[in-house]
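Working notes for the structure below.
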Amino acid sequence: MPENSPDIVLRDLTIGYGGLAVVSGLNVRLPGGKISVVLGGSGCGKSTLLKHILRLHRPISGDILLGGHDMFSLQGKALHCLKQRIGVLFQDGALLGSLTLGENVALPLREHTRLRDRAVREIVRAKLGLVGLAEFASYYPNELSGGMRKRAGLARAMVMDPDILFCDEPTSGLDPINAAELDQLLLELSRRFSMTMVVVSHDLASMRVIADYVVVLGDGRSLFQGSVEELEKTEDAYLRRFLDRMAQERDEPRLTMPRLDPSMMKIDCSQHLAGTKAVD
Amino acid sequence: MSRQGEATLSPLAALGRVSLGVVNEMGAMLIFLFHAFRLIFSSLGQFAKTVRQIYFIGVKSVIVIALIGLFTGMVMGMQLYFALSMFGADGFLGSGVALSMVRELAPVLTAIMVTGRAGSAMTAEIGVMRISEQIDALETMDINPMGYLVSPKLAASIVSMPLLTAFFNLIAIFGGWLTGVLLLGANAGVYWNRVQSSLDWDDVSGGFVKSLVFAVLVCTVCCFEGYFTHTRKGGVGPEGVSQSTTRAVVTSCVLILISDYVLTSLLW
């Protein structure tokens with residue numbers, strides 16, 4: 001494994017909130033230099049897992065190793081160095097609303113480096129250019145669409161040239177064209193910089209395009225680990241149902257409500273009006 | 001235990017739970033304040049952030065402080081004039097206005113106005129950042145959210161509040177002159193002489209001590225409520241932020257008045 005594309009190892013990991021386990025006994029090795037997709041239905045613990053890997057919450061038990069380093073035993077400078085090797089794209093970009101896109105992307109550079117203003121501006125322009133937003137550096141996040149905010153979030157996540165990139169639902173809320181563009185962008189970044197990427201998603205179409213390795217969570221545990229091809233061939237009943245249902249939704253978007261009979265929607269007021277005088 | 005015994009003890013148990021909750025919250029706030037204070041001087045970049053916050057908390061509050069100060073002084077000038085002239089003591093108008101403003105009203109009203117204008121905005125800003133994962137984003141970028149968000153606000157409050165209080169004092173004493181002297185005919189020379197002779201350094205410094213304590217209180221409570229919005233019941237959405245903002249303003253105002261009483265007892 002090359003030093004700049006570390007593996008991520010989850011060992012006997014149990015995560016949750018307030019002592020209540022959401023996912024238990026997780027043993028996973030996410031390969032370095034590849035794109036791993038953590039898949040699962042809503043509420044299965046995907047984002048919870050991501051927050052634990054990012055050290056935002058402490059696991060109930062077990063270890064999280066990034067490039068062989070235990071995230072929770074590192075302190076001081078070692079932790080500082082490891083954190084700077086990590087970039088994170090949050091679900092809605094999580095850009096600071098009080099800063100422009102340029103200032104948002106420049107923030108890690110200004111906080112952690114002593115680069116001159118001119119150098120910072122050039123790096124910011126290059127990173128925003130990478131995601132096609134070079135002309136929007138002076139815009140505030142609320143002046144941009146959801147897709148643009150995500151791309152700007154990606155530029156910020158990439159600004160310190162991280163070795164590991166985490167993405168939380170990168171395509172959720174995007175139209176198919178924007179989602180496909182973002183997938184291509186992630187693929188290109190992964191190929192160009194041979195980064196370790198972990199993408200948390202429930203988007204099967206996106207998973208098929210970008211994933212080298214897939215972990216499926218459900219029922220409070222890991223249901224599957226392997227390649228996309230292996231997942232497609234699975235005979236597991238739950239996974240089959242999950243895959244087929246998602247494929248069906250993609251092919252023919254379905255109404256989540258049964259159709260209403262219009263005649264049932266008319267409210268009968270006759271009994272309330274009985275006994276009242278009609279006014280012309 | 002019998003059902004009757006349980007019924008007798010349940011209000012006591014509830015009181016105990018509330019008391020423990022309050023003590024727990026106060027302890028958490030103190031630790032929060034300690035961390036925020038520790039990070040004020042953590043880097044050179046803090047200075048620029050503090051200056052921006054001074055502009056927001058201090059400069060942008062000047063107009064509202066001027067308005068409140070002017071009308072408070074005018075009302076005080078009018079009421080005191082009527083009351084004192086009944087005893088032929090309208091010459092003490094300047095003393096009454098100056099002492100009541102410098103010792104009590106200016107620090108308290110300034111703190112309450114800053115709570116309403118800047119404190120509520122601090123809670124809402126930090127609360128929205130919490131629920132939209134911006135604080136998580138700061139942590140993952142290895143930027144301490146306390147140092148980035150809270151410490152500059154604390155430093156700016158400590159700088160701004162005494163200055164705003166001083167400004168309130170000036171405008172309010174001028175307001176007392178407007179109604180007492182200009183409108184109702186008290187002697188201008190006597191008014192200014194009484195203002196000057198009745199105030200000594202203890203009054204002024206006591207007022208500033210109060211404003212410093214209020215600055216720390218308001219900033220700590222408002223930032224704390226925003227920072228921990230997500231830990232409250234129903235605190236993960238916009239409703240949670242609005243509840244935190246309300247709680248921050250109410251708690252700050254109550255604490256300002258309680259600590260004002262304590263400080264007045266200790267200082268004079």
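Residue numbering restarts at 1 in every chain; chains get A, B, ... in the order shown in the structure tokens, and ligands count up from 1 in that same order.
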
Using only C-alpha atoms, find which residues of chain B lie within 12 Å of chain A and jot them down as a CSV table (one decimal) with N, CA and C atoms, in the first residue's frame.
```
chain,number,residue,atom,x,y,z
B,42,SER,N,-4.9,32.3,20.9
B,42,SER,CA,-4.3,31.1,20.4
B,42,SER,C,-3.5,31.4,19.1
B,43,SER,N,-3.8,32.4,18.3
B,43,SER,CA,-3.1,32.7,17.1
B,43,SER,C,-3.2,34.2,16.8
B,44,LEU,N,-2.3,34.6,15.8
B,44,LEU,CA,-2.4,36.0,15.4
B,44,LEU,C,-3.7,36.3,14.6
B,45,GLY,N,-4.2,35.3,14.0
B,45,GLY,CA,-5.4,35.4,13.2
B,45,GLY,C,-6.6,35.8,14.0
B,46,GLN,N,-6.5,35.5,15.3
B,46,GLN,CA,-7.7,35.8,16.2
B,46,GLN,C,-7.9,37.3,16.3
B,52,ARG,N,-13.4,42.1,13.6
B,52,ARG,CA,-14.7,42.0,12.8
B,52,ARG,C,-15.9,41.9,13.8
B,125,GLU,N,-26.7,32.3,14.7
B,125,GLU,CA,-25.6,32.0,13.7
B,125,GLU,C,-24.9,30.7,14.1
B,126,ILE,N,-24.6,30.5,15.4
B,126,ILE,CA,-23.8,29.3,15.8
B,126,ILE,C,-24.8,28.1,15.7
B,128,VAL,N,-27.4,27.7,13.6
B,128,VAL,CA,-27.5,27.3,12.2
B,128,VAL,C,-26.3,26.6,11.7
B,129,MET,N,-25.1,27.1,12.1
B,129,MET,CA,-23.9,26.4,11.7
B,129,MET,C,-23.8,25.0,12.3
B,130,ARG,N,-24.4,24.8,13.5
B,130,ARG,CA,-24.4,23.5,14.1
B,130,ARG,C,-25.3,22.5,13.3
B,131,ILE,N,-26.5,23.0,13.0
B,131,ILE,CA,-27.4,22.0,12.4
B,131,ILE,C,-27.1,21.8,10.9
B,132,SER,N,-26.4,22.7,10.3
B,132,SER,CA,-26.1,22.5,8.9
B,132,SER,C,-24.6,22.0,8.7
B,133,GLU,N,-24.1,21.4,9.7
B,133,GLU,CA,-22.8,20.6,9.7
B,133,GLU,C,-21.6,21.5,9.5
B,134,GLN,N,-21.8,22.9,9.6
B,134,GLN,CA,-20.6,23.7,9.4
B,134,GLN,C,-19.6,23.6,10.5
B,135,ILE,N,-20.1,23.4,11.7
B,135,ILE,CA,-19.2,23.2,12.8
B,135,ILE,C,-18.5,21.9,12.7
B,136,ASP,N,-19.2,20.8,12.2
B,136,ASP,CA,-18.5,19.5,11.9
B,136,ASP,C,-17.4,19.8,10.9
B,137,ALA,N,-17.8,20.6,9.9
B,137,ALA,CA,-16.8,20.8,8.8
B,137,ALA,C,-15.5,21.5,9.3
B,138,LEU,N,-15.7,22.5,10.3
B,138,LEU,CA,-14.6,23.1,10.9
B,138,LEU,C,-13.7,22.1,11.6
B,139,GLU,N,-14.4,21.2,12.3
B,139,GLU,CA,-13.6,20.2,13.1
B,139,GLU,C,-12.8,19.3,12.2
B,140,THR,N,-13.4,18.9,11.0
B,140,THR,CA,-12.7,18.0,10.1
B,140,THR,C,-11.6,18.7,9.4
B,141,MET,N,-11.7,20.1,9.3
B,141,MET,CA,-10.6,20.8,8.7
B,141,MET,C,-9.5,21.1,9.8
B,142,ASP,N,-9.7,20.5,10.9
B,142,ASP,CA,-8.7,20.7,12.0
B,142,ASP,C,-8.7,22.2,12.5
B,143,ILE,N,-9.9,22.8,12.4
B,143,ILE,CA,-10.0,24.2,12.9
B,143,ILE,C,-10.9,24.1,14.2
B,144,ASN,N,-10.4,24.6,15.3
B,144,ASN,CA,-11.1,24.4,16.6
B,144,ASN,C,-12.3,25.4,16.5
B,145,PRO,N,-13.6,24.8,16.5
B,145,PRO,CA,-14.7,25.7,16.3
B,145,PRO,C,-14.9,26.7,17.5
B,147,GLY,N,-12.4,28.2,19.1
B,147,GLY,CA,-11.4,29.3,18.8
B,147,GLY,C,-11.9,30.1,17.6
B,148,TYR,N,-12.5,29.4,16.6
B,148,TYR,CA,-12.9,30.2,15.4
B,148,TYR,C,-14.1,31.0,15.6
B,149,LEU,N,-15.1,30.4,16.4
B,149,LEU,CA,-16.4,31.1,16.5
B,149,LEU,C,-16.6,31.8,17.8
B,231,THR,N,-28.1,19.3,21.0
B,231,THR,CA,-28.3,18.4,22.1
B,231,THR,C,-29.6,18.5,22.8
```

Return as a PyMOL selection string the full set of residues in stretch 114-222 of chain B whose backbone-based DSSP assignment is alpha helix (DSSP H). chain B and resi 114+120-131+134-140+145+151-177+188-198+201-222

Serialized selection, C-alpha atoms, as a short mmCIF file (atom, residue, chain, number, x, y, z; two decimals), in the first residue's frame:
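Writing the result to again.cif gives the following:
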```cif
data_model
loop_
_atom_site.label_atom_id
_atom_site.label_comp_id
_atom_site.auth_asym_id
_atom_site.auth_seq_id
_atom_site.Cartn_x
_atom_site.Cartn_y
_atom_site.Cartn_z
CA VAL B 114 -26.67 43.91 23.27
CA SER B 120 -29.59 36.57 19.73
CA ALA B 121 -27.71 36.80 16.42
CA MET B 122 -24.76 34.92 17.94
CA THR B 123 -27.03 32.09 19.09
CA ALA B 124 -28.83 31.89 15.77
CA GLU B 125 -25.60 32.01 13.75
CA ILE B 126 -23.84 29.32 15.75
CA GLY B 127 -27.05 27.23 16.00
CA VAL B 128 -27.54 27.29 12.22
CA MET B 129 -23.89 26.39 11.74
CA ARG B 130 -24.36 23.45 14.09
CA ILE B 131 -27.44 22.02 12.39
CA GLN B 134 -20.64 23.75 9.35
CA ILE B 135 -19.20 23.18 12.84
CA ASP B 136 -18.50 19.54 11.93
CA ALA B 137 -16.80 20.82 8.78
CA LEU B 138 -14.57 23.11 10.86
CA GLU B 139 -13.59 20.20 13.09
CA THR B 140 -12.72 17.99 10.12
CA PRO B 145 -14.74 25.71 16.34
CA SER B 151 -13.37 33.22 21.37
CA PRO B 152 -13.43 36.24 19.01
CA LYS B 153 -17.01 36.95 20.08
CA LEU B 154 -16.02 36.77 23.75
CA ALA B 155 -13.05 39.09 23.25
CA ALA B 156 -15.18 41.50 21.21
CA SER B 157 -17.91 41.55 23.87
CA ILE B 158 -15.36 42.31 26.60
CA VAL B 159 -14.02 45.23 24.54
CA SER B 160 -17.36 46.54 23.24
CA MET B 161 -19.62 46.41 26.27
CA PRO B 162 -17.77 48.92 28.50
CA LEU B 163 -17.42 51.30 25.54
CA LEU B 164 -21.11 51.05 24.72
CA THR B 165 -21.90 51.60 28.41
CA ALA B 166 -19.77 54.74 28.45
CA PHE B 167 -21.54 55.97 25.34
CA PHE B 168 -24.93 55.21 26.94
CA ASN B 169 -23.90 57.24 30.01
CA LEU B 170 -22.99 60.28 27.90
CA ILE B 171 -26.14 60.23 25.81
CA ALA B 172 -28.41 59.57 28.83
CA ILE B 173 -26.94 62.46 30.86
CA PHE B 174 -27.41 64.65 27.79
CA GLY B 175 -31.03 63.37 27.56
CA GLY B 176 -31.61 64.34 31.22
CA TRP B 177 -30.31 67.82 30.41
CA ALA B 188 -28.09 74.40 33.43
CA GLY B 189 -25.05 75.36 35.51
CA VAL B 190 -26.38 73.60 38.60
CA TYR B 191 -27.26 70.51 36.51
CA TRP B 192 -23.73 70.09 35.07
CA ASN B 193 -22.07 71.00 38.36
CA ARG B 194 -24.08 68.31 40.16
CA VAL B 195 -23.25 65.76 37.48
CA GLN B 196 -19.56 66.51 37.90
CA SER B 197 -19.47 66.75 41.71
CA SER B 198 -21.67 63.77 42.58
CA TRP B 201 -14.24 57.21 40.29
CA ASP B 202 -15.84 54.36 42.29
CA ASP B 203 -19.16 54.98 40.55
CA VAL B 204 -17.60 54.94 37.09
CA SER B 205 -15.35 51.92 37.71
CA GLY B 206 -18.21 50.03 39.38
CA GLY B 207 -20.34 50.59 36.28
CA PHE B 208 -17.53 49.29 34.09
CA VAL B 209 -17.01 46.23 36.28
CA LYS B 210 -20.69 45.48 35.84
CA SER B 211 -20.49 45.92 32.09
CA LEU B 212 -17.51 43.53 31.91
CA VAL B 213 -19.34 40.87 33.92
CA PHE B 214 -22.44 41.32 31.75
CA ALA B 215 -20.32 41.02 28.58
CA VAL B 216 -18.93 37.67 29.69
CA LEU B 217 -22.38 36.47 30.82
CA VAL B 218 -24.21 37.46 27.65
CA CYS B 219 -21.58 36.10 25.29
CA THR B 220 -21.17 32.82 27.18
CA VAL B 221 -24.89 32.11 27.45
CA CYS B 222 -25.67 33.06 23.85
#
```

Identify all residues of stretch 55-278 of chain A in strand (DSSP E or B) (DSSP on the backbone) and supply them as a PyMOL selection string. chain A and resi 61-66+69-70+86-89+164-168+196-201+213-218+221-226

Which of these, B:Arg247, B:Ser265, B:Arg3, B:Ala118, has the shortest distance to B:Arg232 once you count only C-alpha atoms?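 Comparing B:Arg247, B:Ser265, B:Arg3, B:Ala118 against B:Arg232, the winner is B:Arg247.
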
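For the choices A:Val159, A:Lys233, A:Gly226, A:Ser42, the atom-to-atom distance to A:Ser172 is smallest for A:Ser42 when using only C-alpha atoms.
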
Would you work out the distance separating atom CA of B:Gly237 from atom CA of A:Gly102, expressed in Å to one decimal?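 Between atom CA of B:Gly237 and atom CA of A:Gly102 the gap works out to 27.7 Å.
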
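Taking only C-alpha atoms, the non-local environment of A:Val199 within 6 Å (same-chain residues fewer than 5 positions away omitted) comprises Val37, Phe166 and Cys167 of chain A.
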
Prev. selection, N, CA and C atoms, output as a PDB file, in the first residue's frame:
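Generated output (selection_0.pdb):
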```
ATOM      1  N   VAL A  37     -17.555   2.550  -1.675  1.00  0.00           N
ATOM      2  CA  VAL A  37     -18.893   3.110  -1.465  1.00  0.00           C
ATOM      3  C   VAL A  37     -19.558   2.364  -0.320  1.00  0.00           C
ATOM      4  N   PHE A 166     -13.489  11.868   2.042  1.00  0.00           N
ATOM      5  CA  PHE A 166     -14.770  11.288   2.461  1.00  0.00           C
ATOM      6  C   PHE A 166     -15.895  12.121   1.858  1.00  0.00           C
ATOM      7  N   CYS A 167     -16.887  11.459   1.311  1.00  0.00           N
ATOM      8  CA  CYS A 167     -18.031  12.180   0.730  1.00  0.00           C
ATOM      9  C   CYS A 167     -19.317  11.629   1.323  1.00  0.00           C
TER      10      CYS A 167
END
```

Need to verify the contact set: A:Gly218, 7 Å, only C-alpha atoms, exclusion of same-chain residues closer than 4 positions in sequence. Can you return it as a list in words?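 The contact residues come out as Gly40, Cys44, Ser222 and Leu223 of chain A.
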
So how many Å separate atom CA of A:Gly32 and atom CA of A:Arg149, to one decimal? 27.3 Å

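Atom pair atom CA of A:Leu30 / atom CA of A:Gly76 has a distance of 25.7 Å (rounded to one decimal).
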
Shell of 12 Å around B:Ala28, only C-alpha atoms, local chain residues under 5 positions omitted, as a list in words: Gly21, Val22, Val23, Leu33, Phe34, His35, Thr220, Val221, Phe224, Glu225, Tyr227 and Phe228 of chain B

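Of the residues listed (B:Asn187, B:Thr245, B:Ser259, B:Thr229), B:Asn187 shows the shortest atom-to-atom separation from B:Ala89; distances use only C-alpha atoms.
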
Contacts of A:Lys46 at 8 Å (only C-alpha atoms; same-chain gap of 5+ positions) as a list in words: Val38, Leu39, Gly40, Val200, Ser201 and Leu217 of chain A

What does the file look like for those residues with all heavy atoms, as a compact mmCIF listing (two decimals), in the first residue's frame?
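The new file part02.txt reads:
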```
# COMPACT_ATOMS: atom_id res chain seq x y z
N VAL A 38 -20.01 3.12 0.68
CA VAL A 38 -20.77 2.52 1.78
C VAL A 38 -22.24 2.73 1.45
O VAL A 38 -22.73 3.87 1.38
CB VAL A 38 -20.42 3.17 3.13
CG1 VAL A 38 -21.22 2.54 4.25
CG2 VAL A 38 -18.93 3.04 3.41
N LEU A 39 -22.93 1.64 1.22
CA LEU A 39 -24.30 1.68 0.71
C LEU A 39 -25.27 1.21 1.79
O LEU A 39 -24.89 0.45 2.67
CB LEU A 39 -24.36 0.72 -0.48
CG LEU A 39 -25.39 0.93 -1.57
CD1 LEU A 39 -25.15 2.24 -2.28
CD2 LEU A 39 -25.32 -0.23 -2.58
N GLY A 40 -26.49 1.66 1.68
CA GLY A 40 -27.49 1.18 2.64
C GLY A 40 -28.70 2.08 2.61
O GLY A 40 -28.64 3.21 2.13
N VAL A 200 -20.27 7.73 1.03
CA VAL A 200 -21.47 7.20 1.68
C VAL A 200 -22.65 7.56 0.80
O VAL A 200 -22.81 8.73 0.44
CB VAL A 200 -21.60 7.84 3.08
CG1 VAL A 200 -23.01 7.67 3.61
CG2 VAL A 200 -20.61 7.21 4.03
N SER A 201 -23.43 6.58 0.41
CA SER A 201 -24.49 6.89 -0.56
C SER A 201 -25.60 5.85 -0.51
O SER A 201 -25.41 4.75 0.02
CB SER A 201 -23.87 6.92 -1.96
OG SER A 201 -24.85 7.15 -2.93
N LEU A 217 -24.50 -1.72 4.39
CA LEU A 217 -24.93 -1.78 5.79
C LEU A 217 -26.43 -1.98 5.85
O LEU A 217 -27.17 -1.48 5.00
CB LEU A 217 -24.57 -0.48 6.52
CG LEU A 217 -23.11 -0.09 6.65
CD1 LEU A 217 -22.99 1.20 7.46
CD2 LEU A 217 -22.31 -1.19 7.33
```
